[in-house]
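Enquirer: Please find one structure pasted underneath; my questions will follow.
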Amino acid sequence: MNVQEQIKAYITSQPEPKHAEMQDLHQRILQLSPGSKLWFEDGKNSEGKTVSNPNIGYGSYTIKYADGTTRDFFRIGLSANKTGISVYVLGLKDKTYLAQTYGEQLGKASVTGYCIKFKKLKDINLDVLEAAIRYGFEAQHD
């Protein structure tokens, strides 16, 4: 399966209403950054053990590790979790920026240094979520 097929299968595998909401967010993110590189991470490590929820990724940047090694990774991630949906904004230098800038305006969402988590789309302000995603695509990364 190619990346688009993996993404479609992942979204389709979600129960309603999460399936429809993931599809809606996927389309919104594609519109915010048309032509972005697409990723699909199945959440398994090199031994095939599940270490995280699967992620759809958008865009790309280079992670620089303390030991000097680098790795390409996605800027924006979308993932279903047990209680809802997570949107990841990765590679930001300021780990307080998301919460301080968008947290109070988002609605019923928890916001950490790189993750915006919510139960349902109706619980959040989609314009504010889109602004946070747009910032993630445009921000300078480490």
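Chain labels follow the order of the structure tokens: the first chain is A, the next B, and so on; residue numbering restarts at 1 in every chain, and ligands are counted from 1 in their shown order.
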Set the distance at 6 Å and use only C-alpha atoms: which residues neighbour stretch 100-111 of chain A once local chain neighbours fewer than 6 positions away are removed? I'd like the list as a ChimeraX atom specification.
Expert: /A:117-118,123-125,128
Enquirer: Now that the selection is made, can you save its residues with N, CA, C and O atoms as a PDB file, in the first residue's frame?
Expert:
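Below you can see again.pdb, which holds the result:
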```pdb
ATOM      1  N   LYS A 117      -5.384  18.051  21.943  1.00  0.00           N
ATOM      2  CA  LYS A 117      -6.222  16.861  22.054  1.00  0.00           C
ATOM      3  C   LYS A 117      -7.643  17.272  22.417  1.00  0.00           C
ATOM      4  O   LYS A 117      -7.846  18.117  23.289  1.00  0.00           O
ATOM      5  N   PHE A 118      -8.618  16.674  21.723  1.00  0.00           N
ATOM      6  CA  PHE A 118     -10.025  16.992  21.972  1.00  0.00           C
ATOM      7  C   PHE A 118     -10.881  15.778  21.657  1.00  0.00           C
ATOM      8  O   PHE A 118     -10.434  14.846  20.985  1.00  0.00           O
ATOM      9  N   ASP A 123     -16.557  20.414  19.808  1.00  0.00           N
ATOM     10  CA  ASP A 123     -16.078  20.930  21.091  1.00  0.00           C
ATOM     11  C   ASP A 123     -15.048  22.048  20.946  1.00  0.00           C
ATOM     12  O   ASP A 123     -14.692  22.696  21.931  1.00  0.00           O
ATOM     13  N   ILE A 124     -14.536  22.237  19.727  1.00  0.00           N
ATOM     14  CA  ILE A 124     -13.435  23.190  19.546  1.00  0.00           C
ATOM     15  C   ILE A 124     -13.760  24.230  18.480  1.00  0.00           C
ATOM     16  O   ILE A 124     -14.656  24.050  17.660  1.00  0.00           O
ATOM     17  N   ASN A 125     -12.989  25.311  18.493  1.00  0.00           N
ATOM     18  CA  ASN A 125     -13.090  26.359  17.489  1.00  0.00           C
ATOM     19  C   ASN A 125     -12.156  25.962  16.337  1.00  0.00           C
ATOM     20  O   ASN A 125     -10.933  26.015  16.467  1.00  0.00           O
ATOM     21  N   VAL A 128      -9.492  28.465  15.087  1.00  0.00           N
ATOM     22  CA  VAL A 128      -8.310  28.549  15.958  1.00  0.00           C
ATOM     23  C   VAL A 128      -7.406  27.331  15.717  1.00  0.00           C
ATOM     24  O   VAL A 128      -6.178  27.473  15.632  1.00  0.00           O
TER      25      VAL A 128
END
```
Enquirer: If you run DSSP on the backbone, which residues of chain A are helix (DSSP H, G or I), as a VMD selection string?
Expert: chain A and resid 3 to 12 18 to 32 97 to 106 121 to 123 126 to 138
Enquirer: Can I get the residues of stretch 30-94 of chain A within 8 Å of stretch 6-25 of chain A, each with the closest pair of atoms and their distance in Å to one decimal, using only C-alpha atoms, sorted chain first then ascending number, as a Markdown table?
Expert:
```
| residue | atom | partner | partner_atom | distance |
| --- | --- | --- | --- | --- |
| A:Phe40 | CA | A:Ile7 | CA | 6.4 |
| A:Ile56 | CA | A:Ile7 | CA | 6.5 |
| A:Leu78 | CA | A:Met22 | CA | 7.9 |
| A:Ala80 | CA | A:Met22 | CA | 7.7 |
| A:Gly84 | CA | A:Lys18 | CA | 7.3 |
| A:Ile85 | CA | A:Met22 | CA | 7.7 |
```
Enquirer: A:Ile29: which residues within 9 Å, counting only C-alpha atoms, same-chain residues fewer than 5 positions away excluded, as a tab-separated table (two decimals) with C-alpha atoms, in the first residue's frame?
Expert:
```
chain	number	residue	atom	x	y	z
A	24	ASP	CA	-12.77	16.36	7.70
A	34	PRO	CA	-1.40	21.68	-0.57
A	58	TYR	CA	1.99	16.39	6.78
A	76	ILE	CA	1.84	18.28	11.57
A	130	GLU	CA	-6.50	25.85	11.65
A	133	ILE	CA	-1.80	24.17	12.17
A	134	ARG	CA	-0.92	26.99	9.78
```
Enquirer: Rounded to one decimal, what separation in Å do you get between atom CA of A:Arg28 and atom CA of A:Ala139?
Expert: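 Atom CA of A:Ala139 lies 18.5 Å from atom CA of A:Arg28.
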Enquirer: Could you please write out, as a PyMOL selection string, every residue of chain A that DSSP assigns to strand (DSSP E)?
Expert: chain A and resi 38-41+55-58+61-64+70-73+76-80+85-89+110-111+115-118
Enquirer: For the selection just defined, write its residues with C-alpha atoms to a file, as a compact mmCIF listing (two decimals), in the first residue's frame.
Expert:
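This is the output file again-v6.txt:
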```txt
# COMPACT_ATOMS: atom_id res chain seq x y z
CA LEU A 38 2.32 12.96 3.30
CA TRP A 39 3.45 10.40 5.88
CA PHE A 40 1.89 7.44 7.58
CA GLU A 41 3.44 6.07 10.76
CA ASN A 55 -0.19 9.02 12.82
CA ILE A 56 -0.93 10.74 9.54
CA GLY A 57 1.83 13.26 8.92
CA TYR A 58 1.99 16.39 6.78
CA TYR A 61 11.41 19.14 8.71
CA THR A 62 14.71 17.77 9.96
CA ILE A 63 15.01 16.75 13.60
CA LYS A 64 18.50 17.32 15.01
CA THR A 70 19.37 13.99 12.03
CA ARG A 71 16.10 12.53 10.79
CA ASP A 72 13.33 13.81 8.53
CA PHE A 73 9.91 13.86 10.15
CA ILE A 76 1.84 18.28 11.57
CA GLY A 77 0.42 14.97 12.80
CA LEU A 78 -3.16 13.69 13.03
CA SER A 79 -4.04 10.70 15.17
CA ALA A 80 -7.06 9.01 16.69
CA ILE A 85 -8.40 13.06 18.24
CA SER A 86 -4.91 14.50 18.62
CA VAL A 87 -3.28 17.09 16.35
CA TYR A 88 0.49 17.38 16.73
CA VAL A 89 2.45 20.52 15.87
CA SER A 110 -6.01 20.05 26.20
CA VAL A 111 -2.91 21.69 24.80
CA CYS A 115 -0.25 18.32 21.10
CA ILE A 116 -3.84 19.56 20.83
CA LYS A 117 -6.22 16.86 22.05
CA PHE A 118 -10.02 16.99 21.97
```
Enquirer: What gap, in Å, lies between atom CA of A:Leu129 and atom CA of A:Asp94?
Expert: 17.8 Å
Enquirer: Excluding A:Gln140 and any residue of its chain fewer than 3 positions from it, enumerate the residues within 10 Å of it, using only C-alpha atoms, and give them as a count of residues only.
Expert: 7
Enquirer: Calculate how many Å separate atom CA of A:Gln4 from atom CA of A:Gln27, rounding to one decimal.
Expert: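 Here the two named atoms are 12.5 Å from each other.
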Enquirer: Hey, which of A:Lys95, A:Leu32, A:Asn81, A:Gly48 ends up closest to A:Asp127? Count only C-alpha atoms.
Expert: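 Answer, going by the shortest atom-to-atom distance: A:Leu32.
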